[in-house]
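Data block for run-v3.txt (compact mmCIF, C-alpha atoms and all ligand atoms):
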```
# COMPACT_ATOMS: atom_id res chain seq x y z
CA MET A 1 30.34 -14.41 0.19
CA SER A 2 26.81 -13.33 -0.85
CA VAL A 3 26.25 -12.33 -4.47
CA ALA A 4 23.64 -9.98 -5.98
CA VAL A 5 22.82 -9.64 -9.69
CA VAL A 6 20.75 -6.84 -11.24
CA THR A 7 19.69 -6.84 -14.90
CA GLY A 8 19.33 -3.71 -17.04
CA ALA A 9 21.31 -1.75 -14.48
CA ASN A 10 23.26 0.80 -16.52
CA LYS A 11 20.64 3.50 -15.94
CA GLY A 12 17.25 4.33 -14.45
CA ILE A 13 15.79 2.26 -11.63
CA GLY A 14 18.31 -0.58 -12.13
CA LEU A 15 21.28 1.72 -11.54
CA ALA A 16 19.58 3.15 -8.45
CA VAL A 17 19.04 -0.40 -7.17
CA VAL A 18 22.73 -1.25 -7.66
CA ARG A 19 23.73 1.99 -5.93
CA ALA A 20 21.56 1.12 -2.90
CA LEU A 21 22.81 -2.49 -2.88
CA CYS A 22 26.43 -1.31 -2.89
CA GLN A 23 25.55 0.50 0.34
CA GLN A 24 23.28 -2.07 1.99
CA PHE A 25 23.97 -5.57 0.60
CA GLN A 26 26.61 -7.59 2.47
CA GLY A 27 28.53 -9.07 -0.45
CA GLU A 28 29.48 -8.67 -4.11
CA VAL A 29 27.11 -6.69 -6.33
CA TYR A 30 26.96 -7.34 -10.08
CA LEU A 31 25.72 -4.54 -12.32
CA THR A 32 24.76 -6.13 -15.62
CA ALA A 33 23.84 -4.42 -18.90
CA ARG A 34 23.34 -5.53 -22.49
CA ASN A 35 25.83 -2.94 -23.70
CA GLU A 36 29.36 -3.33 -22.35
CA HIS A 37 30.31 0.31 -22.80
CA ARG A 38 27.19 1.67 -21.06
CA GLY A 39 27.61 -0.91 -18.28
CA ASN A 40 31.25 -0.02 -17.63
CA GLU A 41 30.37 3.68 -17.64
CA ALA A 42 27.76 3.04 -14.93
CA VAL A 43 30.30 1.11 -12.85
CA GLU A 44 32.69 4.04 -13.25
CA THR A 45 29.98 6.51 -12.14
CA LEU A 46 29.51 4.47 -8.98
CA ARG A 47 33.28 4.22 -8.44
CA LYS A 48 33.48 8.03 -8.45
CA GLU A 49 30.82 7.99 -5.72
CA GLY A 50 33.06 5.68 -3.68
CA LEU A 51 30.98 2.56 -4.43
CA HIS A 52 32.14 -0.77 -5.84
CA ALA A 53 30.11 -2.85 -8.29
CA ASN A 54 31.30 -5.62 -10.66
CA PHE A 55 30.26 -5.63 -14.28
CA LEU A 56 29.03 -8.49 -16.48
CA GLN A 57 27.51 -8.19 -19.94
CA LEU A 58 23.96 -9.59 -19.94
CA ASP A 59 21.37 -9.26 -22.67
CA VAL A 60 18.20 -10.85 -21.32
CA THR A 61 17.04 -11.72 -24.86
CA ASN A 62 20.26 -13.62 -25.63
CA ARG A 63 20.51 -17.15 -24.14
CA LYS A 64 24.25 -17.38 -24.77
CA SER A 65 24.85 -14.16 -22.88
CA ILE A 66 22.76 -15.40 -19.92
CA ARG A 67 24.58 -18.77 -19.86
CA ASN A 68 27.89 -16.94 -19.94
CA VAL A 69 26.88 -14.96 -16.85
CA ARG A 70 25.87 -18.15 -15.08
CA SER A 71 29.20 -19.87 -15.72
CA LYS A 72 31.19 -16.81 -14.63
CA LEU A 73 29.18 -16.45 -11.39
CA SER A 74 29.32 -20.16 -10.77
CA ASP A 75 33.12 -20.29 -11.28
CA ARG A 76 33.80 -17.23 -9.14
CA HIS A 77 31.29 -17.73 -6.30
CA GLY A 78 29.55 -21.09 -6.65
CA GLY A 79 26.09 -19.52 -6.46
CA ILE A 80 24.02 -16.35 -6.07
CA ASP A 81 21.78 -14.95 -3.34
CA LEU A 82 19.84 -12.16 -5.03
CA LEU A 83 18.50 -11.70 -8.56
CA VAL A 84 16.73 -8.47 -9.51
CA ASN A 85 15.01 -8.90 -12.88
CA ASN A 86 14.78 -5.22 -13.74
CA ALA A 87 15.59 -4.97 -17.48
CA GLY A 88 12.59 -3.70 -19.40
CA VAL A 89 11.37 -1.81 -22.43
CA SER A 90 8.07 -0.15 -23.28
CA GLU A 91 6.21 1.35 -26.21
CA GLU A 92 7.20 4.82 -27.21
CA CYS A 93 3.68 5.94 -26.62
CA PRO A 94 1.89 8.08 -27.72
CA GLU A 95 4.32 9.22 -30.40
CA LEU A 96 4.44 5.77 -31.99
CA PHE A 97 0.83 4.73 -32.17
CA PRO A 98 -0.05 2.03 -33.07
CA THR A 99 2.92 0.03 -31.86
CA PRO A 100 4.89 -1.53 -34.73
CA GLU A 101 5.06 -5.34 -34.66
CA GLU A 102 8.84 -5.38 -34.06
CA GLN A 103 8.40 -3.15 -31.02
CA MET A 104 5.69 -5.44 -29.62
CA GLU A 105 8.06 -8.39 -30.11
CA ALA A 106 10.96 -6.60 -28.40
CA ILE A 107 8.73 -5.77 -25.43
CA MET A 108 7.47 -9.33 -25.05
CA GLU A 109 10.93 -10.87 -25.59
CA THR A 110 12.59 -8.56 -23.07
CA ASN A 111 10.00 -8.14 -20.33
CA TYR A 112 8.30 -11.53 -20.25
CA PHE A 113 10.45 -14.13 -22.05
CA GLY A 114 13.71 -12.41 -21.01
CA THR A 115 12.73 -12.36 -17.33
CA MET A 116 11.83 -16.03 -17.59
CA ALA A 117 15.06 -16.96 -19.39
CA VAL A 118 17.29 -15.24 -16.81
CA TYR A 119 15.43 -16.91 -13.95
CA ASP A 120 15.47 -20.37 -15.60
CA THR A 121 19.18 -20.14 -16.42
CA LEU A 122 20.31 -18.85 -13.02
CA LYS A 123 17.96 -20.98 -10.91
CA PRO A 124 20.42 -23.92 -10.72
CA ILE A 125 22.90 -21.66 -8.92
CA PHE A 126 20.47 -20.09 -6.41
CA ASN A 127 21.79 -20.56 -2.88
CA LYS A 128 19.47 -21.39 0.00
CA GLY A 129 17.72 -18.17 1.03
CA THR A 130 17.95 -16.53 -2.41
CA ARG A 131 15.69 -13.54 -3.07
CA VAL A 132 14.30 -12.96 -6.57
CA VAL A 133 12.66 -9.65 -7.40
CA ASN A 134 10.76 -9.35 -10.67
CA VAL A 135 10.14 -5.71 -11.49
CA THR A 136 6.59 -5.48 -12.76
CA SER A 137 4.23 -2.50 -13.01
CA SER A 138 0.77 -1.29 -12.08
CA ALA A 139 0.16 -1.80 -15.83
CA GLY A 140 0.32 -5.55 -15.15
CA LEU A 141 -2.39 -5.60 -12.50
CA LEU A 142 -4.84 -8.43 -13.06
CA SER A 143 -7.82 -6.29 -12.04
CA ILE A 144 -7.12 -3.89 -14.92
CA VAL A 145 -7.93 -6.62 -17.47
CA ALA A 146 -11.62 -6.02 -16.75
CA LEU A 147 -11.13 -2.37 -17.75
CA TRP A 148 -9.29 -3.02 -21.01
CA LYS A 149 -10.66 -1.55 -24.16
CA THR A 150 -11.11 -4.69 -26.28
CA TYR A 151 -13.49 -6.07 -28.91
CA ASN A 152 -14.26 -9.23 -26.91
CA LYS A 153 -15.01 -8.55 -23.26
CA GLU A 154 -15.96 -12.16 -22.57
CA ALA A 155 -12.59 -13.42 -23.84
CA ALA A 156 -10.79 -10.77 -21.74
CA LEU A 157 -12.59 -11.95 -18.62
CA GLU A 158 -11.68 -15.55 -19.48
CA LEU A 159 -8.02 -14.50 -19.81
CA LYS A 160 -8.26 -12.80 -16.44
CA GLN A 161 -9.74 -15.89 -14.87
CA ARG A 162 -7.05 -18.23 -16.29
CA LEU A 163 -4.12 -15.94 -15.41
CA GLY A 164 -5.28 -15.75 -11.80
CA ALA A 165 -6.23 -19.44 -11.53
CA ASP A 166 -4.46 -21.59 -8.94
CA ASP A 167 -3.98 -24.38 -11.50
CA LEU A 168 -2.29 -22.12 -14.10
CA GLY A 169 0.95 -23.76 -15.27
CA ILE A 170 3.94 -22.47 -17.21
CA ILE A 171 2.88 -24.18 -20.46
CA GLU A 172 -0.53 -22.51 -20.41
CA LEU A 173 0.98 -19.14 -19.42
CA ASN A 174 3.46 -19.27 -22.30
CA GLU A 175 0.66 -20.25 -24.68
CA ILE A 176 -1.35 -17.24 -23.50
CA MET A 177 1.61 -14.92 -24.12
CA TRP A 178 2.26 -16.47 -27.57
CA ASN A 179 -1.43 -16.06 -28.36
CA TYR A 180 -1.06 -12.33 -27.77
CA GLU A 181 1.96 -12.13 -30.07
CA ASN A 182 0.33 -14.21 -32.81
CA THR A 183 -3.00 -12.39 -32.75
CA TYR A 184 -1.14 -9.06 -32.72
CA ARG A 185 0.73 -10.12 -35.87
CA ALA A 186 -2.60 -11.12 -37.45
CA ASP A 187 -4.05 -7.80 -36.28
CA ASN A 188 -7.00 -9.49 -34.58
CA GLN A 189 -5.86 -9.36 -30.94
CA GLY A 190 -9.01 -7.44 -29.98
CA GLU A 191 -11.19 -10.37 -31.07
CA TYR A 192 -9.30 -12.59 -28.58
CA GLY A 193 -9.88 -10.25 -25.66
CA TRP A 194 -6.51 -8.50 -25.77
CA PRO A 195 -6.30 -4.73 -25.26
CA VAL A 196 -6.62 -2.56 -28.33
CA GLY A 197 -6.25 0.77 -26.60
CA GLY A 198 -5.61 2.38 -23.28
CA VAL A 199 -7.70 1.93 -20.19
CA SER A 200 -8.67 5.50 -20.86
CA ILE A 201 -8.00 7.37 -24.07
CA LYS A 202 -7.49 10.47 -21.94
CA ALA A 203 -3.98 9.10 -21.33
CA PRO A 204 -2.98 6.33 -23.75
CA THR A 205 -1.69 3.17 -22.12
CA PRO A 206 0.99 1.12 -23.86
CA LYS A 207 -0.51 -2.25 -24.77
CA ALA A 208 2.28 -4.79 -25.32
CA TYR A 209 3.89 -3.43 -22.15
CA VAL A 210 0.67 -4.09 -20.24
CA VAL A 211 0.50 -7.68 -21.51
CA SER A 212 4.20 -8.34 -20.86
CA LYS A 213 3.94 -7.14 -17.24
CA LEU A 214 0.74 -9.12 -16.73
CA GLY A 215 2.85 -12.11 -17.80
CA VAL A 216 5.69 -11.19 -15.41
CA SER A 217 3.27 -11.02 -12.49
CA ALA A 218 1.58 -14.32 -13.35
CA LEU A 219 5.03 -15.87 -13.83
CA THR A 220 6.23 -14.72 -10.40
CA ARG A 221 3.45 -16.66 -8.69
CA LEU A 222 4.44 -19.80 -10.61
CA GLN A 223 8.17 -19.36 -9.93
CA GLN A 224 7.55 -19.20 -6.18
CA LYS A 225 5.97 -22.66 -6.43
CA ASP A 226 9.33 -24.07 -7.63
CA PHE A 227 10.65 -24.04 -4.04
CA HIS A 228 9.93 -25.74 -0.75
CA VAL A 229 9.54 -23.53 2.31
CA GLU A 230 12.75 -25.05 3.77
CA GLN A 231 14.78 -23.59 0.89
CA ASP A 232 13.72 -20.13 2.12
CA ILE A 233 13.69 -18.76 -1.43
CA ALA A 234 11.37 -15.80 -1.94
CA VAL A 235 10.27 -14.76 -5.44
CA ASN A 236 8.27 -11.54 -5.39
CA HIS A 237 7.11 -8.96 -7.90
CA VAL A 238 7.36 -5.26 -7.24
CA HIS A 239 5.55 -2.26 -8.67
CA PRO A 240 8.12 0.47 -8.01
CA GLY A 241 5.80 3.40 -8.82
CA TRP A 242 5.69 5.76 -11.75
CA THR A 243 9.26 6.96 -12.07
CA GLU A 244 11.02 9.58 -14.14
CA THR A 245 13.27 7.51 -16.42
CA ASP A 246 13.91 7.12 -20.14
CA LEU A 247 11.27 4.37 -20.24
CA SER A 248 8.50 6.57 -18.86
CA LYS A 249 9.25 9.73 -20.74
CA LYS A 250 5.53 10.07 -21.42
CA ALA A 251 5.20 10.83 -17.70
CA GLU A 252 5.96 14.43 -18.48
CA ALA A 253 2.75 14.51 -20.55
CA THR A 254 0.53 13.92 -17.52
CA ASN A 255 -0.43 15.45 -14.21
CA VAL A 256 0.97 12.61 -12.07
CA ARG A 257 3.97 13.20 -9.82
CA THR A 258 6.74 10.80 -10.67
CA LEU A 259 9.32 9.27 -8.34
CA THR A 260 13.06 9.57 -8.70
CA PRO A 261 14.83 6.27 -9.53
CA GLU A 262 16.27 6.34 -5.99
CA GLU A 263 12.76 6.60 -4.48
CA ALA A 264 11.51 3.78 -6.73
CA ALA A 265 14.47 1.58 -5.79
CA LYS A 266 13.39 1.54 -2.12
CA THR A 267 10.60 -1.03 -2.64
CA ILE A 268 12.90 -3.22 -4.75
CA ILE A 269 15.54 -3.04 -2.02
CA TYR A 270 12.92 -4.00 0.57
CA ALA A 271 12.06 -7.12 -1.50
CA SER A 272 15.78 -7.83 -2.06
CA LEU A 273 16.72 -7.75 1.61
CA LEU A 274 13.79 -9.65 3.12
CA PRO A 275 14.99 -11.35 6.31
CA PRO A 276 15.58 -15.10 6.65
CA ASN A 277 12.42 -17.23 6.77
CA THR A 278 10.24 -14.41 5.48
CA ASP A 279 6.65 -15.26 4.68
CA VAL A 280 6.59 -12.60 1.94
CA ARG A 281 6.78 -15.11 -0.92
CA GLY A 282 5.12 -14.95 -4.34
CA GLN A 283 3.66 -11.56 -3.40
CA LEU A 284 3.09 -8.31 -5.23
CA ILE A 285 4.78 -5.51 -3.30
CA TRP A 286 3.35 -2.09 -4.10
CA GLU A 287 5.32 1.16 -4.31
CA ASN A 288 4.33 2.09 -0.74
CA GLY A 289 5.65 -1.24 0.56
CA GLU A 290 2.19 -2.74 1.07
CA LEU A 291 1.34 -6.24 -0.14
CA VAL A 292 -1.31 -6.35 -2.84
CA ASP A 293 -3.36 -9.45 -3.65
CA TRP A 294 -2.67 -9.59 -7.41
CA VAL A 295 -5.70 -11.78 -8.06
CA ASN A 296 -8.35 -10.07 -5.94
CA ASP A 297 -7.24 -6.53 -5.04
CA THR A 298 -7.94 -3.40 -7.03
CA PRO A 299 -5.49 -0.82 -5.71
CA THR A 300 -6.27 2.78 -6.47
CA LEU A 301 -4.21 4.04 -9.36
CA PRO A 302 -3.42 7.68 -9.96
CA LYS A 303 -5.95 9.23 -12.33
CA LEU A 304 -3.92 10.15 -15.36
CA VAL A 305 -4.93 13.27 -17.18
CA MET A 306 -2.88 14.36 -20.14
CA LYS A 307 -1.74 17.93 -20.28
CA GLU A 308 -3.66 19.82 -22.93
CA GLU A 309 -0.75 20.28 -25.36
CA TYR A 310 0.07 16.54 -25.32
CA ARG A 311 -3.61 15.65 -25.53
CA GLN A 312 -3.98 17.56 -28.78
CA GLU A 313 -0.87 15.91 -30.17
CA TYR A 314 -2.18 12.50 -29.13
CA PHE A 315 -5.60 12.94 -30.67
CA ALA A 316 -4.03 14.23 -33.90
CA THR A 317 -1.96 11.02 -34.08
CA PHE A 318 -4.93 8.90 -33.04
CA ASN A 319 -7.14 10.32 -35.78
CA LYS A 320 -4.41 9.89 -38.37
CA GLN A 321 -3.84 6.24 -37.48
CA GLY A 322 -7.50 5.23 -37.53
CA THR A 323 -8.78 2.49 -35.26
CA ALA A 324 -6.72 -0.55 -36.32
CA HIS A 325 -5.01 -0.80 -32.92
CA SER A 326 -6.74 1.98 -31.08
N1 LIG B 401 9.75 4.10 -15.02
C1 LIG B 401 8.57 3.72 -14.55
O1 LIG B 401 7.64 4.53 -14.35
C2 LIG B 401 8.32 2.28 -14.22
C3 LIG B 401 7.13 1.94 -13.55
C4 LIG B 401 6.89 0.59 -13.27
C5 LIG B 401 7.81 -0.36 -13.61
N2 LIG B 401 8.97 0.00 -14.26
C6 LIG B 401 9.92 -1.05 -14.62
O2 LIG B 401 11.18 -0.75 -14.05
C7 LIG B 401 12.21 -1.40 -14.82
C8 LIG B 401 13.32 -0.42 -15.13
O3 LIG B 401 12.81 0.58 -15.99
P1 LIG B 401 13.31 2.10 -15.98
O4 LIG B 401 12.10 2.93 -15.81
O5 LIG B 401 14.47 2.25 -15.09
O6 LIG B 401 13.72 2.25 -17.52
P2 LIG B 401 15.11 2.64 -18.24
O7 LIG B 401 15.74 3.80 -17.56
O8 LIG B 401 14.74 2.75 -19.66
O9 LIG B 401 16.01 1.36 -17.97
C9 LIG B 401 15.74 0.14 -18.59
C10 LIG B 401 16.98 -0.70 -18.50
O10 LIG B 401 16.70 -1.97 -19.11
C11 LIG B 401 17.77 -2.25 -20.00
N3 LIG B 401 17.42 -3.20 -21.04
C12 LIG B 401 16.52 -3.08 -22.05
N4 LIG B 401 16.55 -4.18 -22.82
C13 LIG B 401 17.47 -5.03 -22.29
C14 LIG B 401 17.95 -6.31 -22.63
N5 LIG B 401 17.50 -6.97 -23.71
N6 LIG B 401 18.89 -6.88 -21.84
C15 LIG B 401 19.37 -6.24 -20.76
N7 LIG B 401 18.98 -5.00 -20.40
C16 LIG B 401 18.03 -4.41 -21.16
C17 LIG B 401 18.15 -0.89 -20.57
O11 LIG B 401 19.44 -0.97 -21.19
P3 LIG B 401 19.86 0.04 -22.40
O12 LIG B 401 20.36 1.29 -21.75
O13 LIG B 401 20.92 -0.74 -23.11
O14 LIG B 401 18.63 0.29 -23.23
C18 LIG B 401 18.16 -0.11 -19.27
O15 LIG B 401 19.34 -0.32 -18.56
C19 LIG B 401 11.51 -1.97 -16.07
O16 LIG B 401 11.25 -3.34 -15.90
C20 LIG B 401 10.20 -1.20 -16.10
O17 LIG B 401 9.19 -1.89 -16.77
C21 LIG B 401 9.24 1.29 -14.56
```
Here is a file; write its structure as structure tokens.
Amino acid sequence: MSVAVVTGANKGIGLAVVRALCQQFQGEVYLTARNEHRGNEAVETLRKEGLHANFLQLDVTNRKSIRNVRSKLSDRHGGIDLLVNNAGVSEECPELFPTPEEQMEAIMETNYFGTMAVYDTLKPIFNKGTRVVNVTSSAGLLSIVALWKTYNKEAALELKQRLGADDLGIIELNEIMWNYENTYRADNQGEYGWPVGGVSIKAPTPKAYVVSKLGVSALTRLQQKDFHVEQDIAVNHVHPGWTETDLSKKAEATNVRTLTPEEAAKTIIYASLLPPNTDVRGQLIWENGELVDWVNDTPTLPKLVMKEEYRQEYFATFNKQGTAHS
């Protein structure tokens, strides 16, 4: 019996992924959520649609909760065949600008360290042929680092070089992510090359989110190296496209057409159901299904332009807050 596990699946893209897996995955599908009530409600929604998903409580920032999921899956099935690391949070930008420290910490703990913790804890029960899909974002593209607004361009380019280096290891990657958190707390992240504002102030870009997804993408490449080709385990990262969900509510402030969660789920499903002996391993899969070289490619991103009413609101907030994090 094959087993699929999706994190952060009570709503948004995660729920759409579970819905599609219930229809296309040959085996048991586990919808997990940090909140038991919201998770059970999502399972019930699917049941009314004639679909069957199992529920397990899983908070990606809570090691005990992750270990609990591992022992339940191990007892019931012996192992798993698909892990979709989808759970994520972002800044409430531009309304909350600059991002409070606690929000930066929640973003880093959930998106980067949470993704890593779920993978590390479940890895011992991966079956041969397991597929791992880390949901990243265009915000985490390595090429964007060169466009960051920062006070130390040289340090930003050094970060870019190290994150894309073939000899990057997990200790160095974690140190880089901790450096972001620590310099953010000291309010001098810009001096270390980290972003202090959006790529373009025409449409503010969340910053901790950008760094956390950069980490997820760098991490994916390292995780793939954990396996021999014979194990046929594929760990890929997916940019699902800009999607209308609670996380991206700022989307309504711009001109860009957003996807439905069901449309966004298609690329994640593609990465989840890669055939045996696939050579798509450690790759970034773009919203259109194309493979993007995370280190060298610069895919074209939609040009975000804020609608005039939101733009005025943003600049009013920006002016009020000064330039500390802007
Ligand atoms: N929407 C986009 O435009 C877009 C674009 C690129 C990538 N993504 C990525 O797609 C993924 C899904 O986002 P979404 O847009 O579907 O957002 P969403 O609707 O806000 O869903 C996020 C999900 O993550 C869960 N979550 C948050 N913290 C968690 C934790 N500590 N443990 C377990 N679950 C947690 C949320 O649970 P609660 O309901 O309990 O908060 C929710 O189920 C994220 O990784 C996001 O970065 C989204």
Item to complete: Return as an MDAnalysis selection string the residues of protein, DNA or RNA that approach ligand LIG 401 (chain B) to within 7 Å, with all atoms listed in the file taken into account.
Response: chainID A and resid 7:14 33:35 38 58:61 86:90 110:111 135:138 239:248 261
Worksheet item: If we count only C-alpha atoms, what is near Ala16 of chain A at a cut-off of 10 Å, once residues fewer than 6 positions away on the same chain are taken out, given as a list in words?
Response: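 Listed by chain and then number, they are Ala9, Asn10, Cys22, Thr260, Pro261, Glu262, Glu263, Ala264, Ala265, Lys266, Ile268 and Ile269 of chain A.
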Worksheet item: So what do you get for atom CA of Leu259 of chain A versus atom CA of Gln57 of chain A, distance-wise?
Response: 27.8 Å
Discussion item. List as a PyMOL selection string the protein and nucleic acid residues near Gly193 of chain A, meaning an atom at most 6 Å away when only C-alpha atoms are counted, but skip any in the same chain fewer than 4 places from it.
Written reply: chain A and resi 150+152-153+155-156
Practice prompt. Provide the atom CA of Ala146 of chain A to atom CA of Glu287 of chain A distance in Å, to one decimal place.
Written response: 22.2 Å
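Remark: for Val196 of chain A, the closest of the candidate residues A:Ile107, A:Lys149, A:Thr300, A:Gly169 is A:Lys149 (distances computed over only C-alpha atoms).
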Discussion item. I'd like the interatomic distance between atom CA of Lys72 of chain A and atom CA of Leu21 of chain A, to a tenth of an Å.
Written reply: 20.3 Å
Discussion item. Could you list, as JSON, numbers by chain, every residue within 9 Å of Asn62 of chain A, counting only C-alpha atoms and ignoring same-chain residues fewer than 4 positions away?
Written reply: {"A": [58, 66, 67, 114, 117]}
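With all atoms listed in the file as the basis for measurement, A:Val211 is the residue among A:Leu291, A:Val256, A:Val211, A:Leu157 that approaches Asn179 of chain A most closely.
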Fill in: Residue among A:Tyr119, A:Leu273, A:Gly78, A:Gly289 lying closest to Gln26 of chain A, counting all atoms listed in the file
A:Leu273
N, CA and C atoms are what I want for segment 46-62 of chain A; can you complete it accordingly and write them as a compact mmCIF listing (two decimals), keeping the file's coordinate frame?
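out_33.txt written:
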```txt
# COMPACT_ATOMS: atom_id res chain seq x y z
N LEU A 46 29.61 4.90 -10.38
CA LEU A 46 29.51 4.47 -8.98
C LEU A 46 30.88 4.56 -8.28
N ARG A 47 31.93 4.19 -9.03
CA ARG A 47 33.28 4.22 -8.44
C ARG A 47 33.62 5.64 -7.98
N LYS A 48 33.21 6.63 -8.82
CA LYS A 48 33.48 8.03 -8.45
C LYS A 48 32.70 8.45 -7.21
N GLU A 49 31.60 7.71 -6.93
CA GLU A 49 30.82 7.99 -5.72
C GLU A 49 31.37 7.21 -4.52
N GLY A 50 32.46 6.47 -4.76
CA GLY A 50 33.06 5.68 -3.68
C GLY A 50 32.42 4.32 -3.50
N LEU A 51 31.68 3.85 -4.54
CA LEU A 51 30.98 2.56 -4.43
C LEU A 51 31.59 1.55 -5.38
N HIS A 52 31.54 0.27 -5.00
CA HIS A 52 32.14 -0.77 -5.84
C HIS A 52 31.08 -1.75 -6.34
N ALA A 53 30.95 -1.82 -7.68
CA ALA A 53 30.11 -2.85 -8.29
C ALA A 53 30.93 -3.56 -9.35
N ASN A 54 30.65 -4.86 -9.59
CA ASN A 54 31.30 -5.62 -10.66
C ASN A 54 30.43 -5.52 -11.90
N PHE A 55 31.06 -5.67 -13.06
CA PHE A 55 30.26 -5.63 -14.28
C PHE A 55 30.28 -6.96 -15.02
N LEU A 56 29.10 -7.37 -15.53
CA LEU A 56 29.03 -8.49 -16.48
C LEU A 56 28.04 -8.11 -17.59
N GLN A 57 28.42 -8.45 -18.82
CA GLN A 57 27.51 -8.19 -19.94
C GLN A 57 26.37 -9.18 -19.90
N LEU A 58 25.12 -8.70 -19.96
CA LEU A 58 23.96 -9.59 -19.94
C LEU A 58 22.81 -8.98 -20.74
N ASP A 59 22.53 -9.63 -21.87
CA ASP A 59 21.37 -9.26 -22.67
C ASP A 59 20.30 -10.29 -22.38
N VAL A 60 19.20 -9.87 -21.79
CA VAL A 60 18.20 -10.85 -21.32
C VAL A 60 17.49 -11.56 -22.48
N THR A 61 17.66 -11.06 -23.70
CA THR A 61 17.04 -11.72 -24.86
C THR A 61 18.02 -12.68 -25.55
N ASN A 62 19.23 -12.81 -24.98
CA ASN A 62 20.26 -13.62 -25.63
C ASN A 62 20.69 -14.76 -24.69
```
